[in-house]
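Coordinates from start_23.tsv are shown below (TSV, C-alpha atoms and all ligand atoms).
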chain	number	residue	atom	x	y	z
A	679	MET	CA	90.58	79.45	93.30
A	680	ALA	CA	91.10	82.86	94.87
A	681	LEU	CA	87.92	84.75	95.66
A	682	LEU	CA	89.47	88.09	94.81
A	683	GLU	CA	92.53	88.97	92.85
A	684	VAL	CA	93.67	92.53	92.32
A	685	ARG	CA	96.36	93.03	89.70
A	686	ASP	CA	98.46	96.16	89.42
A	687	LEU	CA	95.58	98.38	90.50
A	688	LYS	CA	96.02	102.10	89.96
A	689	VAL	CA	93.55	104.76	90.99
A	690	TYR	CA	94.57	108.32	90.16
A	691	PHE	CA	92.48	111.37	90.99
A	692	PRO	CA	92.73	114.48	88.83
A	693	VAL	CA	93.73	117.77	90.43
A	694	TYR	CA	92.17	120.77	88.70
A	695	GLY	CA	93.72	124.22	88.58
A	696	GLY	CA	93.87	127.54	86.75
A	697	ILE	CA	90.95	129.61	85.58
A	698	PHE	CA	89.92	126.98	83.02
A	699	ARG	CA	89.84	124.27	85.66
A	700	ARG	CA	92.20	122.10	83.65
A	701	ILE	CA	93.78	118.98	85.02
A	702	VAL	CA	97.12	120.14	86.36
A	703	ASP	CA	98.19	117.11	88.32
A	704	ARG	CA	97.12	113.67	89.50
A	705	ILE	CA	96.99	112.21	92.96
A	706	LYS	CA	98.23	108.66	92.77
A	707	ALA	CA	96.01	107.37	95.57
A	708	VAL	CA	96.65	103.74	94.60
A	709	ASP	CA	99.70	103.08	92.51
A	710	GLY	CA	100.21	99.46	91.60
A	711	VAL	CA	98.55	97.25	94.22
A	712	ASN	CA	98.47	93.46	93.88
A	713	LEU	CA	96.61	91.28	96.32
A	714	THR	CA	94.88	87.93	96.46
A	715	ILE	CA	92.28	86.81	98.97
A	716	GLU	CA	91.30	83.18	99.37
A	717	PRO	CA	87.70	82.27	100.28
A	718	GLY	CA	86.99	82.33	103.99
A	719	HIS	CA	90.13	84.30	104.79
A	720	THR	CA	90.58	87.75	106.28
A	721	TYR	CA	93.04	89.99	104.54
A	722	GLY	CA	94.21	93.06	106.41
A	723	LEU	CA	95.11	96.31	104.72
A	724	VAL	CA	97.16	98.59	106.97
A	725	GLY	CA	98.84	101.93	106.53
A	726	GLU	CA	98.80	105.49	107.75
A	727	SER	CA	96.14	108.03	106.85
A	728	GLY	CA	96.10	108.83	103.14
A	729	SER	CA	98.02	105.72	102.11
A	730	GLY	CA	95.22	104.56	99.82
A	731	LYS	CA	93.42	101.88	101.85
A	732	THR	CA	89.87	103.20	101.42
A	733	THR	CA	90.48	104.01	97.76
A	734	THR	CA	91.57	100.40	97.20
A	735	GLY	CA	88.44	99.10	98.92
A	736	ARG	CA	86.17	101.49	97.04
A	737	ALA	CA	87.75	100.50	93.73
A	738	ILE	CA	87.14	96.82	94.49
A	739	ILE	CA	83.47	97.44	95.20
A	740	GLY	CA	83.12	99.68	92.16
A	741	LEU	CA	82.77	103.04	93.89
A	742	ASN	CA	86.02	104.49	92.51
A	743	PRO	CA	86.73	104.17	88.80
A	744	ILE	CA	90.05	102.48	88.25
A	745	THR	CA	92.79	104.11	86.20
A	746	SER	CA	94.38	100.82	85.24
A	747	GLY	CA	94.80	97.27	86.42
A	748	GLN	CA	92.44	94.38	86.83
A	749	ILE	CA	90.08	93.10	89.48
A	750	LEU	CA	89.08	89.46	89.26
A	751	PHE	CA	86.28	87.93	91.32
A	752	GLN	CA	86.27	84.13	91.30
A	753	GLY	CA	88.65	84.30	88.36
A	754	GLU	CA	86.45	86.56	86.26
A	755	ASP	CA	86.86	90.23	85.47
A	756	ILE	CA	84.60	91.97	87.93
A	757	GLY	CA	83.12	94.21	85.24
A	758	TRP	CA	82.55	97.52	87.01
A	759	GLY	CA	82.74	100.36	84.54
A	760	MET	CA	81.49	98.36	81.59
A	761	ARG	CA	78.88	100.62	80.11
A	762	GLY	CA	75.23	99.60	80.13
A	763	HIS	CA	76.11	96.50	82.04
A	764	GLN	CA	75.57	95.63	85.63
A	765	SER	CA	78.26	93.46	87.12
A	766	ARG	CA	76.88	90.13	88.13
A	767	PHE	CA	78.98	90.35	91.27
A	768	ARG	CA	77.20	93.38	92.71
A	769	LYS	CA	75.41	91.35	95.36
A	770	ASP	CA	78.53	89.40	96.26
A	771	ILE	CA	80.53	92.30	97.63
A	772	GLN	CA	79.34	94.57	100.42
A	773	MET	CA	80.97	97.21	102.54
A	774	ILE	CA	80.86	98.07	106.23
A	775	PHE	CA	81.83	101.62	107.01
A	776	GLN	CA	83.82	103.26	109.75
A	777	ASP	CA	81.21	105.50	111.18
A	778	PRO	CA	77.92	103.84	112.11
A	779	TYR	CA	76.58	107.29	113.04
A	780	SER	CA	76.76	108.77	109.59
A	781	SER	CA	76.37	105.65	107.46
A	782	LEU	CA	72.80	105.02	108.68
A	783	ASN	CA	70.21	107.50	107.49
A	784	PRO	CA	68.86	109.10	110.71
A	785	LYS	CA	65.41	109.72	109.17
A	786	LYS	CA	64.78	106.09	108.31
A	787	ARG	CA	63.54	103.27	110.47
A	788	ILE	CA	65.76	100.23	110.90
A	789	LEU	CA	63.28	98.23	108.80
A	790	ASP	CA	63.85	100.55	105.85
A	791	ILE	CA	67.61	100.75	106.35
A	792	VAL	CA	68.18	97.02	106.49
A	793	SER	CA	65.70	96.21	103.72
A	794	GLU	CA	67.20	98.71	101.28
A	795	PRO	CA	69.50	96.20	99.54
A	796	LEU	CA	66.64	93.67	99.49
A	797	ARG	CA	64.39	96.18	97.78
A	798	ASN	CA	67.03	96.78	95.13
A	799	PHE	CA	67.58	93.17	94.30
A	800	GLU	CA	64.69	91.03	95.45
A	801	LYS	CA	60.97	91.32	95.01
A	802	LEU	CA	59.50	90.54	98.39
A	803	THR	CA	56.05	91.26	99.76
A	804	PRO	CA	56.01	93.65	102.74
A	805	ALA	CA	55.38	90.72	105.07
A	806	GLU	CA	58.27	88.70	103.64
A	807	GLU	CA	60.50	91.71	103.81
A	808	LYS	CA	59.66	92.33	107.44
A	809	ARG	CA	60.36	88.72	108.30
A	810	ARG	CA	63.71	88.76	106.49
A	811	VAL	CA	64.76	91.94	108.28
A	812	GLN	CA	63.79	90.43	111.62
A	813	GLU	CA	65.84	87.34	110.82
A	814	LEU	CA	68.83	89.49	109.88
A	815	LEU	CA	68.50	91.51	113.08
A	816	ALA	CA	68.31	88.30	115.08
A	817	GLN	CA	71.52	87.16	113.37
A	818	VAL	CA	73.31	90.26	114.60
A	819	GLY	CA	71.83	89.90	118.09
A	820	LEU	CA	69.09	92.53	117.98
A	821	SER	CA	65.49	91.89	118.92
A	822	SER	CA	62.65	92.00	116.42
A	823	GLU	CA	61.02	95.16	117.89
A	824	THR	CA	64.02	97.15	116.75
A	825	ILE	CA	62.65	97.35	113.21
A	826	TYR	CA	60.43	100.32	114.07
A	827	LYS	CA	63.15	102.30	115.80
A	828	TYR	CA	65.49	104.94	114.40
A	829	PRO	CA	69.30	104.89	114.39
A	830	HIS	CA	69.64	107.47	117.20
A	831	GLU	CA	67.95	105.05	119.59
A	832	PHE	CA	70.97	102.72	119.46
A	833	SER	CA	74.49	102.71	120.85
A	834	GLY	CA	77.54	102.79	118.58
A	835	GLY	CA	78.10	99.05	118.82
A	836	GLN	CA	74.44	98.33	118.09
A	837	ARG	CA	74.51	100.64	115.09
A	838	GLN	CA	77.52	98.84	113.73
A	839	ARG	CA	75.53	95.61	114.09
A	840	ILE	CA	72.72	97.19	112.10
A	841	GLY	CA	75.27	98.13	109.42
A	842	ILE	CA	76.42	94.52	109.41
A	843	ALA	CA	72.83	93.25	109.13
A	844	ARG	CA	72.40	95.44	106.06
A	845	ALA	CA	75.71	94.23	104.61
A	846	ILE	CA	74.79	90.55	104.97
A	847	ALA	CA	71.21	90.96	103.70
A	848	LEU	CA	72.09	89.78	100.19
A	849	LYS	CA	74.31	86.91	101.36
A	850	PRO	CA	77.53	88.40	100.02
A	851	LYS	CA	80.76	86.46	99.66
A	852	LEU	CA	83.16	89.32	100.33
A	853	ILE	CA	82.78	92.08	102.89
A	854	ILE	CA	85.04	95.09	102.80
A	855	ALA	CA	85.20	96.40	106.34
A	856	ASP	CA	86.75	99.86	106.33
A	857	GLU	CA	87.84	100.70	109.89
A	858	PRO	CA	84.67	99.06	111.21
A	859	VAL	CA	85.42	99.67	114.88
A	860	SER	CA	87.61	102.80	114.94
A	861	SER	CA	84.77	105.03	115.98
A	862	LEU	CA	83.67	102.74	118.81
A	863	ASP	CA	84.71	102.64	122.45
A	864	VAL	CA	87.53	100.21	123.12
A	865	SER	CA	85.22	98.11	125.30
A	866	VAL	CA	82.74	97.75	122.44
A	867	GLN	CA	85.41	97.18	119.77
A	868	ALA	CA	86.24	93.66	120.96
A	869	GLN	CA	82.57	92.69	121.02
A	870	VAL	CA	81.99	93.82	117.45
A	871	LEU	CA	85.22	92.18	116.23
A	872	ASN	CA	84.37	88.87	117.86
A	873	PHE	CA	80.91	89.07	116.44
A	874	MET	CA	82.36	89.68	112.97
A	875	GLN	CA	84.45	86.53	113.39
A	876	ASP	CA	81.39	84.53	114.47
A	877	ILE	CA	79.30	85.49	111.47
A	878	GLN	CA	82.27	84.94	109.20
A	879	LYS	CA	82.25	81.28	110.16
A	880	GLU	CA	78.50	81.01	110.10
A	881	LEU	CA	78.08	82.61	106.67
A	882	HIS	CA	81.43	81.61	105.11
A	883	LEU	CA	82.38	85.21	104.58
A	884	THR	CA	85.66	86.52	103.29
A	885	TYR	CA	86.86	89.86	104.64
A	886	LEU	CA	89.02	92.63	103.38
A	887	PHE	CA	89.69	94.33	106.66
A	888	ILE	CA	91.02	97.88	106.56
A	889	SER	CA	92.57	99.39	109.65
A	890	HIS	CA	95.45	101.49	110.84
A	891	ASP	CA	95.49	99.51	114.10
A	892	LEU	CA	97.96	96.64	113.86
A	893	GLY	CA	96.73	95.11	117.11
A	894	ILE	CA	93.28	94.66	115.60
A	895	ILE	CA	94.74	93.47	112.30
A	896	ARG	CA	96.72	90.80	114.12
A	897	HIS	CA	93.61	89.60	115.93
A	898	MET	CA	91.47	89.46	112.80
A	899	CYS	CA	93.64	88.70	109.79
A	900	ASP	CA	95.61	85.81	108.34
A	901	HIS	CA	97.28	87.85	105.60
A	902	ILE	CA	98.38	91.46	105.69
A	903	GLY	CA	99.34	94.09	103.15
A	904	ILE	CA	101.05	97.28	104.28
A	905	MET	CA	100.54	100.42	102.24
A	906	TYR	CA	102.51	103.61	102.09
A	907	ARG	CA	101.61	106.42	99.71
A	908	GLY	CA	99.59	104.26	97.34
A	909	ARG	CA	102.07	101.41	97.17
A	910	TYR	CA	102.77	98.24	99.05
A	911	VAL	CA	105.85	98.15	101.26
A	912	GLU	CA	105.33	94.59	102.43
A	913	GLN	CA	102.89	91.74	102.34
A	914	GLY	CA	102.76	88.33	103.96
A	915	THR	CA	101.00	86.08	106.39
A	916	THR	CA	100.26	87.61	109.77
A	917	ARG	CA	103.05	85.51	111.20
A	918	GLU	CA	105.60	86.63	108.60
A	919	ILE	CA	104.73	90.27	109.13
A	920	PHE	CA	104.78	90.13	112.91
A	921	GLU	CA	107.72	87.77	113.40
A	922	ASN	CA	109.93	88.58	110.47
A	923	PRO	CA	109.25	92.09	109.16
A	924	GLN	CA	111.72	93.14	106.49
A	925	HIS	CA	110.83	96.68	105.51
A	926	ILE	CA	111.83	99.50	107.82
A	927	TYR	CA	108.36	101.01	107.54
A	928	THR	CA	106.77	97.76	108.73
A	929	LYS	CA	109.21	97.57	111.62
A	930	ARG	CA	108.34	101.08	112.63
A	931	LEU	CA	104.59	100.38	112.52
A	932	LEU	CA	105.09	97.28	114.66
A	933	ALA	CA	107.24	99.18	117.14
A	934	ALA	CA	104.46	101.72	117.61
A	935	ILE	CA	101.91	99.16	118.85
A	936	PRO	CA	101.07	100.08	122.45
A	937	ASP	CA	102.42	97.75	125.14
A	938	LEU	CA	99.89	95.54	126.79
A	939	ASP	CA	102.24	93.61	129.02
A	940	PRO	CA	103.63	95.92	131.74
A	941	SER	CA	106.54	93.57	132.53
A	942	GLN	CA	107.84	94.01	128.97
A	943	ARG	CA	107.40	97.76	128.90
A	944	GLY	CA	111.03	98.74	129.57
A	945	LYS	CA	112.42	96.30	127.03
A	946	ARG	CA	109.90	97.31	124.40
A	947	GLN	CA	110.68	100.95	125.01
A	948	ARG	CA	114.36	100.36	124.24
A	949	GLN	CA	113.56	98.30	121.13
A	950	ARG	CA	111.27	101.06	119.98
A	951	GLN	CA	114.01	103.66	120.35
A	952	LEU	CA	116.37	101.51	118.28
A	953	ILE	CA	113.81	101.04	115.51
A	954	TYR	CA	113.07	104.76	115.42
A	955	GLN	CA	116.78	105.53	115.11
A	956	GLU	CA	117.18	102.92	112.38
A	957	TYR	CA	114.16	104.39	110.60
A	958	ASP	CA	115.59	107.91	110.61
A	959	LYS	CA	118.98	106.70	109.45
A	960	GLU	CA	117.87	104.22	106.80
A	961	PHE	CA	114.63	105.69	105.46
A	962	SER	CA	116.28	106.94	102.26
A	963	GLN	CA	117.65	103.48	101.47
A	964	TYR	CA	114.17	101.99	101.56
A	965	PHE	CA	112.45	104.52	99.33
A	966	ASP	CA	113.28	105.99	95.93
A	967	HIS	CA	114.17	109.66	95.41
A	968	ASP	CA	110.46	110.60	95.36
A	969	GLY	CA	110.01	108.90	98.72
A	970	LEU	CA	108.02	106.03	97.18
A	971	ALA	CA	108.37	102.34	97.86
A	972	TYR	CA	110.27	100.13	95.44
A	973	ALA	CA	108.70	97.15	93.71
A	974	LEU	CA	108.02	94.16	95.96
A	975	ARG	CA	110.63	91.42	95.98
A	976	PRO	CA	109.54	87.90	96.88
A	977	LEU	CA	111.00	86.44	100.07
A	978	SER	CA	108.82	83.33	100.29
A	979	ASP	CA	105.69	82.09	98.54
A	980	THR	CA	103.61	84.38	100.67
A	981	HIS	CA	106.01	87.07	101.89
A	982	SER	CA	107.37	89.97	99.86
A	983	ALA	CA	108.84	93.34	100.71
A	984	ALA	CA	109.78	96.49	98.84
A	985	ILE	CA	113.40	96.27	99.79
A	986	PRO	CA	115.89	97.85	97.43
A	987	GLY	CA	117.86	95.64	95.07
A	988	ARG	CA	121.37	96.19	93.84
A	989	GLY	CA	121.77	99.50	92.05
A	990	GLN	CA	118.86	101.04	93.99
A	991	GLY	CA	118.77	102.91	97.24
B	1	LIG	N1	87.63	111.45	95.59
B	1	LIG	C1	88.90	111.87	95.75
B	1	LIG	N2	89.38	112.91	95.05
B	1	LIG	C2	90.66	113.32	95.19
B	1	LIG	N3	91.54	112.75	96.02
B	1	LIG	C3	91.14	111.71	96.75
B	1	LIG	C4	89.79	111.21	96.66
B	1	LIG	N4	89.66	110.16	97.51
B	1	LIG	C5	90.86	110.01	98.10
B	1	LIG	N5	91.74	110.93	97.65
B	1	LIG	C6	93.15	111.04	98.03
B	1	LIG	O1	93.77	109.79	97.84
B	1	LIG	C7	94.70	109.51	98.87
B	1	LIG	C8	94.35	108.20	99.54
B	1	LIG	O2	93.14	108.36	100.29
B	1	LIG	P1	92.43	107.17	101.08
B	1	LIG	O3	91.16	107.73	101.59
B	1	LIG	O4	92.37	105.99	100.21
B	1	LIG	O5	93.44	106.91	102.27
B	1	LIG	P2	93.28	105.96	103.54
B	1	LIG	O6	94.49	105.10	103.56
B	1	LIG	O7	91.96	105.30	103.53
B	1	LIG	O8	93.39	107.01	104.74
B	1	LIG	P3	92.61	107.04	106.17
B	1	LIG	O9	93.37	106.12	107.08
B	1	LIG	O10	92.73	108.46	106.59
B	1	LIG	O11	91.19	106.61	105.95
B	1	LIG	C9	94.68	110.70	99.79
B	1	LIG	O12	95.72	111.57	99.39
B	1	LIG	C10	93.33	111.33	99.52
B	1	LIG	O13	93.36	112.70	99.76
B	2	MG	MG	90.32	105.36	104.80
Please express what this file holds, its structure, as structure tokens.
Ligand SMILES: Nc1ncnc2c1ncn2[C@@H]1O[C@H](COP(=O)(O)OP(=O)(O)OP(=O)(O)O)[C@@H](O)[C@H]1O
Ligand SMILES: [Mg+2]
Amino acid sequence: MALLEVRDLKVYFPVYGGIFRRIVDRIKAVDGVNLTIEPGHTYGLVGESGSGKTTTGRAIIGLNPITSGQILFQGEDIGWGMRGHQSRFRKDIQMIFQDPYSSLNPKKRILDIVSEPLRNFEKLTPAEEKRRVQELLAQVGLSSETIYKYPHEFSGGQRQRIGIARAIALKPKLIIADEPVSSLDVSVQAQVLNFMQDIQKELHLTYLFISHDLGIIRHMCDHIGIMYRGRYVEQGTTREIFENPQHIYTKRLLAAIPDLDPSQRGKRQRQRQLIYQEYDKEFSQYFDHDGLAYALRPLSDTHSAAIPGRGQG
């Protein structure tokens, strides 16, 4: 059974205006997203700034109320938003944030930061709590003296490890990692990513991995969804997306990945030019008159793309 299934998720934000602060418009941040994540897998969500990636993640973890649609966790309605009722999946889903500098309270010691989720859910004695935090820190490769330090005493990569220790404290099943390494130095990014893969195996974690960096997505993910203005333009296995992209937007994103192999640079440069020309010429065929993606059309069991059908475009 899928660990997570999101069906036709819509998250609209009201826009207020006029002297009476009435709702005058709605921002369709997420506008009909479907995705399924199998246990132990890493699903990548890609797209440019403002495409709705974070809003999707926040809706899944219950931080953004959903306008419509359904979120199923292990086949059951996840139950955020039900009044007077705490979802029984609250412990199972945790989030890692982009900026380890602002997501850790600078006034708190690491002991208090990492034990926060434990204090909310488990009744431990101070000694037990300290031991658990030390175990968690050891799991992320930090020594046990770190519990009495403050966030500013750590590097960016170490802070992200502290964020991960906090996220795994309650033994979650799903971790939503929203741009977990974008604020880190390139040299530290690989370390944190590899570490995330190690603990994934160790703890049988499933990831929803949000990034605008397709190179990182390729390294981390087995399935990918590509968002544009709240909708999906394409989804498939990493292989399908990288080897057989069908939507012009996907092709353009792939073309923009920086070249790592200098011997291929000239060739890639020419391919890139061609894709950019194709994009400018064919953009209007791939999007409706409001500039939004069409509905996804299945291409294989796992691959689908928002390519126009007959009578569209
Ligand atoms: N609380 C909110 N109120 C109003 N609009 C919002 C709110 N949160 C997000 N939005 C809008 O929803 C859209 C999607 O935002 P979101 O943060 O999900 O994008 P994103 O893909 O994560 O972008 P980025 O790559 O910059 O993080 C944007 O237009 C954003 O301005
Ligand atoms: Mg975001």
Hey, which residues come within 9 Å of ligand MG 2 (chain B) if we count only C-alpha atoms and all ligand atoms? Could you give them as a ChimeraX atom specification? /A:726-733,735,776,856-857,888-890
Figure out the distance between atom N2 of ligand LIG 1 (chain B) and atom CA of A:Leu741, please, to one decimal in Å.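 Taking atom CA of A:Leu741 and atom N2 of ligand LIG 1 (chain B), their separation equals 11.9 Å.
The two atoms in question, atom O5 of ligand LIG 1 (chain B) and atom CA of A:Ser833, are spaced 26.9 Å apart.
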Taking 5 positions as the minimum chain separation for residues in the same chain, which residues sit within 9 Å of A:His925 when counting all atoms listed in the file? Answer as a ChimeraX atom specification. /A:911-912,930,964,983-985
Protein, DNA and RNA residues within 10 Å of (109.0, 102.2, 101.5), all atoms listed in the file, as an NGL selection string: :A and (904-907 or 909-912 or 925-928 or 961-966 or 969-974 or 983-986)
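The coordinates place atom CA of A:Pro778 at 5.3 Å from atom CA of A:Gln838.
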List the spatial neighbours of stretch 810-814 of chain A as a VMD selection string - criterion: any atom at most 7 Å away, all atoms listed in the file, same-chain residues fewer than 4 positions off excluded. chain A and resid 789 792 to 793 806 818 822 843 847
Around the point (69.3, 105.4, 108.0) in the file's coordinates, collect all residues with an atom within 12 Å, using all atoms listed in the file, and return them as an NGL selection string. :A and (778-794 or 825-832 or 837-838 or 840-841 or 844)
Can you patch up stretch 734-757 of chain A, filling it in to N, CA and C atoms, and show the result as an mmCIF file, in the frame of the given file?
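Result saved to result15.cif:
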data_model
loop_
_atom_site.group_PDB
_atom_site.id
_atom_site.type_symbol
_atom_site.label_atom_id
_atom_site.label_comp_id
_atom_site.auth_asym_id
_atom_site.auth_seq_id
_atom_site.Cartn_x
_atom_site.Cartn_y
_atom_site.Cartn_z
ATOM 1 N N THR A 734 91.461 101.783 97.686
ATOM 2 C CA THR A 734 91.570 100.400 97.200
ATOM 3 C C THR A 734 90.255 99.660 97.411
ATOM 4 N N GLY A 735 89.704 99.770 98.618
ATOM 5 C CA GLY A 735 88.440 99.100 98.920
ATOM 6 C C GLY A 735 87.306 99.593 98.035
ATOM 7 N N ARG A 736 87.241 100.917 97.867
ATOM 8 C CA ARG A 736 86.170 101.490 97.040
ATOM 9 C C ARG A 736 86.317 101.087 95.577
ATOM 10 N N ALA A 737 87.552 100.943 95.117
ATOM 11 C CA ALA A 737 87.750 100.500 93.730
ATOM 12 C C ALA A 737 87.273 99.060 93.574
ATOM 13 N N ILE A 738 87.541 98.227 94.580
ATOM 14 C CA ILE A 738 87.140 96.820 94.490
ATOM 15 C C ILE A 738 85.622 96.688 94.434
ATOM 16 N N ILE A 739 84.936 97.549 95.186
ATOM 17 C CA ILE A 739 83.470 97.440 95.200
ATOM 18 C C ILE A 739 82.825 98.296 94.105
ATOM 19 N N GLY A 740 83.639 98.953 93.316
ATOM 20 C CA GLY A 740 83.120 99.680 92.160
ATOM 21 C C GLY A 740 82.728 101.114 92.428
ATOM 22 N N LEU A 741 83.137 101.660 93.574
ATOM 23 C CA LEU A 741 82.770 103.040 93.890
ATOM 24 C C LEU A 741 83.800 104.057 93.373
ATOM 25 N N ASN A 742 85.010 103.613 93.106
ATOM 26 C CA ASN A 742 86.020 104.490 92.510
ATOM 27 C C ASN A 742 86.415 103.909 91.162
ATOM 28 N N PRO A 743 86.285 104.689 90.097
ATOM 29 C CA PRO A 743 86.730 104.170 88.800
ATOM 30 C C PRO A 743 88.229 103.875 88.831
ATOM 31 N N ILE A 744 88.633 102.803 88.202
ATOM 32 C CA ILE A 744 90.050 102.480 88.250
ATOM 33 C C ILE A 744 90.769 103.068 87.031
ATOM 34 N N THR A 745 91.991 103.502 87.273
ATOM 35 C CA THR A 745 92.790 104.110 86.200
ATOM 36 C C THR A 745 93.399 103.011 85.344
ATOM 37 N N SER A 746 93.922 101.994 85.984
ATOM 38 C CA SER A 746 94.380 100.820 85.240
ATOM 39 C C SER A 746 94.486 99.643 86.195
ATOM 40 N N GLY A 747 94.696 98.482 85.602
ATOM 41 C CA GLY A 747 94.800 97.270 86.420
ATOM 42 C C GLY A 747 93.568 96.413 86.246
ATOM 43 N N GLN A 748 93.515 95.345 87.003
ATOM 44 C CA GLN A 748 92.440 94.380 86.830
ATOM 45 C C GLN A 748 91.940 93.885 88.176
ATOM 46 N N ILE A 749 90.643 93.682 88.271
ATOM 47 C CA ILE A 749 90.080 93.100 89.480
ATOM 48 C C ILE A 749 89.316 91.839 89.061
ATOM 49 N N LEU A 750 89.735 90.710 89.591
ATOM 50 C CA LEU A 750 89.080 89.460 89.260
ATOM 51 C C LEU A 750 88.327 88.941 90.472
ATOM 52 N N PHE A 751 87.075 88.525 90.250
ATOM 53 C CA PHE A 751 86.280 87.930 91.320
ATOM 54 C C PHE A 751 85.990 86.498 90.885
ATOM 55 N N GLN A 752 86.378 85.543 91.668
ATOM 56 C CA GLN A 752 86.270 84.130 91.300
ATOM 57 C C GLN A 752 86.834 83.884 89.900
ATOM 58 N N GLY A 753 87.949 84.538 89.619
ATOM 59 C CA GLY A 753 88.650 84.300 88.360
ATOM 60 C C GLY A 753 88.120 85.072 87.166
ATOM 61 N N GLU A 754 87.058 85.855 87.382
ATOM 62 C CA GLU A 754 86.450 86.560 86.260
ATOM 63 C C GLU A 754 86.583 88.071 86.442
ATOM 64 N N ASP A 755 86.784 88.778 85.351
ATOM 65 C CA ASP A 755 86.860 90.230 85.470
ATOM 66 C C ASP A 755 85.573 90.751 86.111
ATOM 67 N N ILE A 756 85.754 91.605 87.116
ATOM 68 C CA ILE A 756 84.600 91.970 87.930
ATOM 69 C C ILE A 756 83.581 92.815 87.160
ATOM 70 N N GLY A 757 84.057 93.554 86.166
ATOM 71 C CA GLY A 757 83.120 94.210 85.240
ATOM 72 C C GLY A 757 82.472 95.486 85.727
#
